>>> print(open('my_file-v3.cif').read())   # mmCIF, C-alpha atoms
data_input
#
loop_
_atom_site.group_PDB
_atom_site.id
_atom_site.type_symbol
_atom_site.label_atom_id
_atom_site.label_comp_id
_atom_site.auth_asym_id
_atom_site.auth_seq_id
_atom_site.Cartn_x
_atom_site.Cartn_y
_atom_site.Cartn_z
ATOM 1 C CA MET A 5 92.005 139.284 93.675
ATOM 2 C CA LYS A 6 94.688 137.108 95.212
ATOM 3 C CA SER A 7 92.373 134.115 95.250
ATOM 4 C CA PHE A 8 91.431 134.799 91.622
ATOM 5 C CA VAL A 9 95.065 134.827 90.580
ATOM 6 C CA PHE A 10 95.641 131.618 92.529
ATOM 7 C CA LEU A 11 92.637 129.980 90.876
ATOM 8 C CA LEU A 12 93.909 130.903 87.423
ATOM 9 C CA LEU A 13 97.315 129.495 88.237
ATOM 10 C CA PHE A 14 95.756 126.339 89.629
ATOM 11 C CA LEU A 15 93.545 125.876 86.573
ATOM 12 C CA GLY A 16 96.488 126.551 84.326
ATOM 13 C CA VAL A 17 98.573 123.938 86.053
ATOM 14 C CA SER A 18 95.816 121.369 86.317
ATOM 15 C CA ALA A 19 94.933 121.669 82.649
ATOM 16 C CA ALA A 20 98.530 121.657 81.507
ATOM 17 C CA SER A 21 98.762 118.159 80.079
ATOM 18 C CA ALA A 22 95.620 116.114 80.171
ATOM 19 C CA HIS A 23 93.952 113.657 77.859
ATOM 20 C CA SER A 24 90.211 113.112 77.961
ATOM 21 C CA TRP A 25 88.003 110.694 76.070
ATOM 22 C CA THR A 26 84.236 110.966 76.186
ATOM 23 C CA PRO A 27 81.523 109.828 76.546
ATOM 24 C CA THR A 28 82.177 107.432 79.401
ATOM 25 C CA TYR A 29 79.401 105.147 78.173
ATOM 26 C CA PHE A 30 78.835 104.934 74.427
ATOM 27 C CA GLU A 31 76.084 103.437 72.291
ATOM 28 C CA PHE A 32 76.359 102.007 68.806
ATOM 29 C CA ARG A 33 73.731 102.958 66.260
ATOM 30 C CA PRO A 34 73.233 101.697 62.696
ATOM 31 C CA SER A 35 75.458 103.514 60.214
ATOM 32 C CA HIS A 36 74.723 104.366 56.590
ATOM 33 C CA LEU A 37 76.276 100.991 55.657
ATOM 34 C CA ALA A 38 74.197 97.827 56.008
ATOM 35 C CA GLY A 39 75.417 95.604 58.846
ATOM 36 C CA VAL A 40 77.799 98.225 60.217
ATOM 37 C CA TYR A 41 77.304 100.161 63.444
ATOM 38 C CA VAL A 42 78.882 103.427 64.471
ATOM 39 C CA THR A 43 79.480 105.539 67.533
ATOM 40 C CA GLU A 44 81.144 108.904 67.904
ATOM 41 C CA MET A 45 83.796 109.593 70.523
ATOM 42 C CA THR A 46 85.536 112.847 71.391
ATOM 43 C CA LEU A 47 89.219 113.136 72.183
ATOM 44 C CA PHE A 48 90.504 116.320 73.797
ATOM 45 C CA ASN A 49 94.266 116.641 73.795
ATOM 46 C CA LYS A 50 95.499 118.854 76.592
ATOM 47 C CA ARG A 51 98.875 117.106 76.684
ATOM 48 C CA GLU A 52 101.635 119.333 75.416
ATOM 49 C CA ASP A 53 104.001 116.353 75.264
ATOM 50 C CA ALA A 54 101.740 114.110 73.159
ATOM 51 C CA THR A 55 100.362 114.698 69.688
ATOM 52 C CA TYR A 56 99.605 111.205 68.426
ATOM 53 C CA TYR A 57 96.731 109.027 69.560
ATOM 54 C CA SER A 58 95.405 105.656 68.477
ATOM 55 C CA VAL A 59 92.004 104.082 69.002
ATOM 56 C CA GLU A 60 91.386 100.519 70.197
ATOM 57 C CA VAL A 61 88.228 98.440 70.526
ATOM 58 C CA ARG A 62 88.420 95.697 73.146
ATOM 59 C CA ASP A 63 86.263 92.825 74.397
ATOM 60 C CA LYS A 64 85.611 91.952 78.051
ATOM 61 C CA ASP A 65 89.078 90.379 78.385
ATOM 62 C CA PHE A 66 90.731 93.315 76.624
ATOM 63 C CA ASN A 67 91.390 91.313 73.485
ATOM 64 C CA SER A 68 91.355 93.298 70.263
ATOM 65 C CA VAL A 69 88.056 93.552 68.359
ATOM 66 C CA SER A 70 87.976 94.374 64.652
ATOM 67 C CA PHE A 71 86.856 97.936 63.928
ATOM 68 C CA ARG A 72 87.378 100.791 61.493
ATOM 69 C CA THR A 73 88.095 104.475 61.950
ATOM 70 C CA THR A 74 89.150 107.064 59.419
ATOM 71 C CA SER A 75 92.795 106.691 60.422
ATOM 72 C CA PRO A 76 94.953 104.271 62.468
ATOM 73 C CA PHE A 77 96.595 107.249 64.210
ATOM 74 C CA TYR A 78 95.352 110.737 64.872
ATOM 75 C CA ALA A 79 97.618 113.741 65.073
ATOM 76 C CA ILE A 80 95.796 116.001 67.488
ATOM 77 C CA GLU A 81 97.487 119.235 68.382
ATOM 78 C CA TYR A 82 97.664 120.589 71.895
ATOM 79 C CA LEU A 83 94.263 121.931 73.007
ATOM 80 C CA GLU A 84 92.567 120.477 69.941
ATOM 81 C CA LYS A 85 89.369 118.477 70.235
ATOM 82 C CA GLN A 86 88.527 115.870 67.640
ATOM 83 C CA LYS A 87 85.441 113.765 67.063
ATOM 84 C CA ILE A 88 86.259 110.213 66.007
ATOM 85 C CA ARG A 89 83.730 107.818 64.513
ATOM 86 C CA VAL A 90 84.299 104.171 65.327
ATOM 87 C CA TYR A 91 82.675 101.562 63.069
ATOM 88 C CA VAL A 92 82.061 97.962 64.118
ATOM 89 C CA SER A 93 80.401 95.223 62.082
ATOM 90 C CA GLN A 94 77.223 93.626 63.362
ATOM 91 C CA LYS A 95 78.988 90.301 64.027
ATOM 92 C CA ASP A 96 81.432 92.022 66.408
ATOM 93 C CA LEU A 97 78.850 94.238 68.059
ATOM 94 C CA ASP A 98 78.371 92.005 71.104
ATOM 95 C CA LYS A 99 82.121 91.739 71.660
ATOM 96 C CA ALA A 100 82.882 95.458 71.456
ATOM 97 C CA LEU A 101 82.743 96.360 75.142
ATOM 98 C CA TYR A 102 85.433 99.051 75.405
ATOM 99 C CA ILE A 103 86.636 101.799 73.083
ATOM 100 C CA CYS A 104 89.958 103.251 74.169
ATOM 101 C CA SER A 105 92.220 106.067 73.078
ATOM 102 C CA ARG A 106 95.928 105.817 73.771
ATOM 103 C CA SER A 107 98.663 108.415 73.511
ATOM 104 C CA ARG A 108 101.540 107.402 71.260
ATOM 105 C CA PHE A 109 105.095 108.593 71.009
ATOM 106 C CA PRO A 110 107.063 108.505 67.772
ATOM 107 C CA ALA A 111 109.746 105.812 67.682
ATOM 108 C CA GLY A 112 113.003 107.001 69.150
ATOM 109 C CA THR A 113 111.451 109.685 71.365
ATOM 110 C CA LYS A 114 114.185 110.703 73.781
ATOM 111 C CA ALA A 115 113.127 111.189 77.374
ATOM 112 C CA SER A 116 114.058 109.296 80.482
ATOM 113 C CA SER A 117 110.562 108.169 81.392
ATOM 114 C CA LEU A 118 107.363 108.755 79.458
ATOM 115 C CA VAL A 119 103.772 108.316 80.556
ATOM 116 C CA SER A 120 101.447 106.789 77.996
ATOM 117 C CA SER A 121 97.837 107.532 78.860
ATOM 118 C CA ARG A 122 94.948 105.330 77.820
ATOM 119 C CA ILE A 123 91.295 105.995 78.607
ATOM 120 C CA CYS A 124 88.645 103.376 77.910
ATOM 121 C CA SER A 125 84.928 104.064 77.617
ATOM 122 C CA LYS A 126 82.442 101.253 78.013
ATOM 123 C CA VAL A 127 79.298 100.314 76.121
ATOM 124 C CA ARG A 128 76.223 101.738 77.869
ATOM 125 C CA PRO A 129 74.810 99.029 80.159
ATOM 126 C CA MET B 5 37.786 144.817 70.334
ATOM 127 C CA LYS B 6 40.721 144.512 67.973
ATOM 128 C CA MET B 7 43.034 145.908 70.646
ATOM 129 C CA LYS B 8 41.799 143.365 73.225
ATOM 130 C CA THR B 9 42.325 140.507 70.793
ATOM 131 C CA PHE B 10 45.827 141.718 70.003
ATOM 132 C CA LEU B 11 46.725 142.021 73.693
ATOM 133 C CA ALA B 12 45.325 138.576 74.448
ATOM 134 C CA ALA B 13 47.303 137.088 71.590
ATOM 135 C CA ALA B 14 50.483 138.859 72.709
ATOM 136 C CA VAL B 15 50.119 137.652 76.310
ATOM 137 C CA PHE B 16 49.412 134.109 75.108
ATOM 138 C CA SER B 17 52.400 134.019 72.777
ATOM 139 C CA ALA B 18 54.680 135.460 75.475
ATOM 140 C CA SER B 19 53.574 132.822 77.956
ATOM 141 C CA VAL B 20 54.061 130.071 75.379
ATOM 142 C CA ALA B 21 57.561 131.330 74.592
ATOM 143 C CA ALA B 22 58.447 131.533 78.274
ATOM 144 C CA GLU B 23 57.378 127.954 78.879
ATOM 145 C CA ASN B 24 59.368 126.576 75.962
ATOM 146 C CA VAL B 25 62.911 127.382 76.874
ATOM 147 C CA PRO B 26 64.145 124.136 78.362
ATOM 148 C CA ILE B 27 67.627 123.800 79.727
ATOM 149 C CA ASN B 28 68.732 120.212 79.625
ATOM 150 C CA GLY B 29 71.861 118.855 81.152
ATOM 151 C CA THR B 30 73.442 115.482 81.620
ATOM 152 C CA VAL B 31 76.064 114.729 84.186
ATOM 153 C CA GLU B 32 78.227 111.826 83.156
ATOM 154 C CA GLY B 33 81.363 110.394 84.556
ATOM 155 C CA GLN B 34 84.553 111.535 82.971
ATOM 156 C CA CYS B 35 88.139 110.548 83.544
ATOM 157 C CA VAL B 36 91.046 112.793 82.734
ATOM 158 C CA VAL B 37 94.594 111.422 82.824
ATOM 159 C CA ILE B 38 97.230 114.049 83.486
ATOM 160 C CA PRO B 39 100.923 113.181 83.451
ATOM 161 C CA ASP B 40 102.276 115.252 86.310
ATOM 162 C CA ILE B 41 106.020 114.617 86.547
ATOM 163 C CA SER B 42 108.176 112.971 83.905
ATOM 164 C CA GLY B 43 110.496 110.548 85.591
ATOM 165 C CA VAL B 44 114.266 110.418 85.351
ATOM 166 C CA TYR B 45 116.432 107.355 85.742
ATOM 167 C CA GLY B 46 119.343 107.723 88.100
ATOM 168 C CA ASN B 47 122.424 105.586 87.527
ATOM 169 C CA PRO B 48 123.675 104.668 91.041
ATOM 170 C CA SER B 49 125.863 101.857 89.692
ATOM 171 C CA SER B 50 126.962 100.911 86.197
ATOM 172 C CA ASP B 51 124.459 98.048 85.947
ATOM 173 C CA LYS B 52 121.423 99.782 87.449
ATOM 174 C CA LEU B 53 118.944 102.453 86.392
ATOM 175 C CA SER B 54 116.443 103.552 88.993
ATOM 176 C CA THR B 55 113.859 106.293 89.470
ATOM 177 C CA ALA B 56 114.279 106.175 93.268
ATOM 178 C CA PRO B 57 115.399 109.561 94.634
ATOM 179 C CA ILE B 58 118.042 107.773 96.751
ATOM 180 C CA ASP B 59 119.542 106.516 93.481
ATOM 181 C CA GLY B 60 119.528 109.991 91.960
ATOM 182 C CA GLY B 61 116.320 109.430 90.021
ATOM 183 C CA VAL B 62 112.937 111.125 89.894
ATOM 184 C CA LYS B 63 109.750 109.100 90.159
ATOM 185 C CA PRO B 64 107.191 109.875 87.445
ATOM 186 C CA SER B 65 103.713 110.704 88.641
ATOM 187 C CA VAL B 66 100.322 110.906 87.008
ATOM 188 C CA ARG B 67 97.054 112.416 88.149
ATOM 189 C CA PHE B 68 93.632 110.894 87.575
ATOM 190 C CA ASP B 69 90.598 113.185 87.809
ATOM 191 C CA VAL B 70 87.188 111.581 88.043
ATOM 192 C CA ILE B 71 84.053 113.704 88.168
ATOM 193 C CA ILE B 72 81.735 111.020 89.532
ATOM 194 C CA ALA B 73 82.657 108.317 92.023
ATOM 195 C CA ASP B 74 82.776 104.661 91.099
ATOM 196 C CA TYR B 75 82.702 105.054 87.316
ATOM 197 C CA TYR B 76 86.352 104.224 86.577
ATOM 198 C CA LYS B 77 89.364 102.229 87.701
ATOM 199 C CA ALA B 78 92.985 103.271 87.318
ATOM 200 C CA VAL B 79 95.252 100.601 85.885
ATOM 201 C CA ILE B 80 98.944 101.506 85.891
ATOM 202 C CA THR B 81 101.676 99.391 84.339
ATOM 203 C CA THR B 82 105.347 100.029 85.020
ATOM 204 C CA PRO B 83 107.910 99.449 82.234
ATOM 205 C CA THR B 84 109.200 96.000 81.299
ATOM 206 C CA GLN B 85 111.308 97.170 78.369
ATOM 207 C CA PHE B 86 113.003 100.245 77.029
ATOM 208 C CA SER B 87 111.246 102.078 74.224
ATOM 209 C CA ALA B 88 114.589 103.575 73.191
ATOM 210 C CA ALA B 89 118.049 102.420 74.276
ATOM 211 C CA PRO B 90 121.462 101.525 72.914
ATOM 212 C CA ALA B 91 121.866 97.950 71.690
ATOM 213 C CA LEU B 92 121.656 95.541 74.645
ATOM 214 C CA ASN B 93 122.884 91.966 74.413
ATOM 215 C CA ASP B 94 121.912 90.715 77.863
ATOM 216 C CA VAL B 95 118.779 90.391 79.952
ATOM 217 C CA VAL B 96 117.332 93.386 81.782
ATOM 218 C CA ASN B 97 115.557 92.609 85.050
ATOM 219 C CA TRP B 98 112.722 95.006 85.773
ATOM 220 C CA THR B 99 110.975 95.852 89.014
ATOM 221 C CA GLY B 100 108.299 98.462 89.554
ATOM 222 C CA ASP B 101 105.864 99.759 92.105
ATOM 223 C CA VAL B 102 102.936 102.156 92.194
ATOM 224 C CA SER B 103 101.607 104.072 95.173
ATOM 225 C CA VAL B 104 99.248 106.919 95.943
ATOM 226 C CA LYS B 105 101.140 110.161 96.351
ATOM 227 C CA GLU B 106 98.436 112.750 96.973
ATOM 228 C CA VAL B 107 94.660 112.843 97.207
ATOM 229 C CA THR B 108 92.002 115.536 97.271
ATOM 230 C CA ASP B 109 89.604 113.619 99.500
ATOM 231 C CA PRO B 110 90.485 111.842 102.773
ATOM 232 C CA LEU B 111 88.190 108.982 101.740
ATOM 233 C CA MET B 112 90.807 108.057 99.128
ATOM 234 C CA SER B 113 93.292 107.199 101.869
ATOM 235 C CA ASP B 114 92.545 103.479 101.621
ATOM 236 C CA TYR B 115 93.276 103.280 97.884
ATOM 237 C CA ASP B 116 96.735 101.809 98.560
ATOM 238 C CA THR B 117 95.293 99.233 100.969
ATOM 239 C CA ASN B 118 92.718 98.088 98.431
ATOM 240 C CA LYS B 119 94.928 98.102 95.345
ATOM 241 C CA VAL B 120 95.294 94.921 93.325
ATOM 242 C CA GLU B 121 98.740 94.023 91.971
ATOM 243 C CA TYR B 122 99.548 91.482 89.301
ATOM 244 C CA ASN B 123 102.588 91.119 87.064
ATOM 245 C CA ASP B 124 103.770 94.709 86.530
ATOM 246 C CA THR B 125 100.288 96.178 86.823
ATOM 247 C CA THR B 126 98.487 97.849 89.719
ATOM 248 C CA GLU B 127 94.741 98.469 89.754
ATOM 249 C CA TYR B 128 92.925 101.056 91.850
ATOM 250 C CA ASP B 129 89.169 101.305 92.111
ATOM 251 C CA LEU B 130 88.384 105.032 91.893
ATOM 252 C CA THR B 131 85.504 104.962 94.362
ATOM 253 C CA VAL B 132 85.668 108.640 95.304
ATOM 254 C CA ALA B 133 85.230 111.673 93.038
ATOM 255 C CA GLY B 134 88.222 113.979 92.830
ATOM 256 C CA SER B 135 91.894 113.882 91.954
ATOM 257 C CA THR B 136 94.442 111.232 92.856
ATOM 258 C CA TRP B 137 98.157 111.451 92.151
ATOM 259 C CA PHE B 138 99.994 108.167 91.694
ATOM 260 C CA GLU B 139 103.770 107.829 91.623
ATOM 261 C CA MET B 140 105.590 105.010 89.949
ATOM 262 C CA GLY B 141 108.971 103.523 90.771
ATOM 263 C CA SER B 142 110.956 101.670 88.134
ATOM 264 C CA THR B 143 114.295 99.867 88.319
ATOM 265 C CA ALA B 144 116.208 98.161 85.540
ATOM 266 C CA GLU B 145 119.210 95.954 86.310
ATOM 267 C CA TYR B 146 121.408 94.678 83.545
ATOM 268 C CA GLY B 147 122.831 91.163 83.284
ATOM 269 C CA TYR B 148 125.185 90.077 86.076
ATOM 270 C CA ASN B 149 127.386 92.976 87.079
ATOM 271 C CA LYS B 150 127.378 94.129 83.468
ATOM 272 C CA PRO B 151 127.508 97.867 82.854
ATOM 273 C CA PHE B 152 124.756 99.432 80.774
ATOM 274 C CA PRO B 153 126.203 100.725 77.503
ATOM 275 C CA ALA B 154 126.479 104.514 77.409
ATOM 276 C CA GLY B 155 123.545 106.285 75.779
ATOM 277 C CA GLN B 156 120.018 107.521 76.328
ATOM 278 C CA TYR B 157 117.418 105.191 77.815
ATOM 279 C CA THR B 158 113.665 105.705 77.650
ATOM 280 C CA ALA B 159 110.895 103.613 79.183
ATOM 281 C CA VAL B 160 107.142 104.146 79.128
ATOM 282 C CA VAL B 161 104.689 103.940 82.020
ATOM 283 C CA GLU B 162 101.125 103.097 80.966
ATOM 284 C CA ALA B 163 98.383 104.946 82.814
ATOM 285 C CA ASN B 164 94.961 103.532 81.960
ATOM 286 C CA CYS B 165 91.593 104.825 83.089
ATOM 287 C CA ILE B 166 88.950 102.206 82.365
ATOM 288 C CA ALA B 167 85.190 102.661 82.707
ATOM 289 C CA LYS B 168 83.567 100.116 85.025
#
>>> encode(input="my_file-v3.cif", output="structure tokens")
Amino acid sequence: MKSFVFLLLFLGVSAASAHSWTPTYFEFRPSHLAGVYVTEMTLFNKREDATYYSVEVRDKDFNSVSFRTTSPFYAIEYLEKQKIRVYVSQKDLDKALYICSRSRFPAGTKASSLVSSRICSKVRP
Amino acid sequence: MKMKTFLAAAVFSASVAAENVPINGTVEGQCVVIPDISGVYGNPSSDKLSTAPIDGGVKPSVRFDVIIADYYKAVITTPTQFSAAPALNDVVNWTGDVSVKEVTDPLMSDYDTNKVEYNDTTEYDLTVAGSTWFEMGSTAEYGYNKPFPAGQYTAVVEANCIAK
């Protein structure tokens, strides 16, 4: 019983404020629009201190690649999971190596030191 | 005869059903970034803000969990500007450092030896599955013996987990 209580406490602490972005390796497939490819990512917000997330598509040197999602920023409540479709045109398909999600803080957030988390998935080799 | 046929059919259908219940699973790498401790700037002198405990600060720390070894690298950038601060009219000189604070596997003990540092960024190759806690130090010094204006200061540490 003691170990069970400890495990619950440990899980509670470890899951207190995390951000996960899956899958690790994504694949683009043709979308319903000609010349446009799509992939679906999942963002799970387990950060109590962060609600806003943005999506980025990057090339091999981490330069920005043009893409579209349904929104430039996503408000994802604590413990909410959201599927996000990322659209890339055929001409940018070869450049789109990473898709990242980044936690954002509203301008003027008051705290001494904040941690912005960014997780980047990579195109399936 | 009818009974035998029925039984045969029942046995056949049961065996077919039993053989068609696949359980598929895929194990993929996953990285979870968990801010552990929010840092606090201490103010040991009027022109300095520092997260060092000796200066009255608290170092922020962040935990990276990777399920499978060698799928991700941790890239941590210490602040080079304030995200919120009173109006400043002189240069702020920034220094930062990142180090491993705790690990769940002894094989991670050489992470600090193998880290790559450039500009204000430190990269760690997450070659072992498990959890690693990193702590970040940040110091901001204002102008030449100029006091920081009174007010609230906020800076952001960037913790990136990038698939390899």
>>> resolve_selection(input="my_file-v3.cif", expression="the PyMOL selection byres ((chain B) within 10 of (chain A))", output="MDAnalysis selection string")
chainID B and resid 32:46 55 61:69 75:83 86:89 142 156:168
>>> residues_around(input="my_file-v3.cif", residues="Ser103 in chain B", least_positions_apart="2", cutoff="9 Å", atoms="only C-alpha atoms", output="ChimeraX atom specification")
/B:101,105,115-116,119,126,137-141
>>> residues_near_point(input="my_file-v3.cif", point="(75.8, 107.3, 63.8)", cutoff="12 Å", atoms="all atoms listed in the file", output="PyMOL selection string")
chain A and resi 30-37+40-45+88-92
>>> resolve_selection(input="my_file-v3.cif", expression="the PyMOL selection byres ((chain A and resi 75-77) around 9)", output="list in words")
Tyr56, Tyr57, Ser58, Val59, Arg72, Thr73, Thr74, Tyr78, Ala79 and Arg108 of chain A
>>> atom_distance(input="my_file-v3.cif", atom1="CA of Lys85 in chain A", atom2="CA of Phe71 in chain A")
21.6 Å
>>> atom_distance(input="my_file-v3.cif", atom1="CA of Val102 in chain B", atom2="CA of Thr125 in chain B")
8.5 Å
>>> axis_aligned_box(input="my_file-v3.cif", around="range 105-110 of chain B", padding_each_side="8 Å", output="JSON")
{"center_x": 95.4, "center_y": 112.8, "center_z": 99.6, "size_x": 27.5, "size_y": 21.4, "size_z": 22.4}
>>> atom_distance(input="my_file-v3.cif", atom1="CA of Gly147 in chain B", atom2="CA of Pro110 in chain A")
28.1 Å
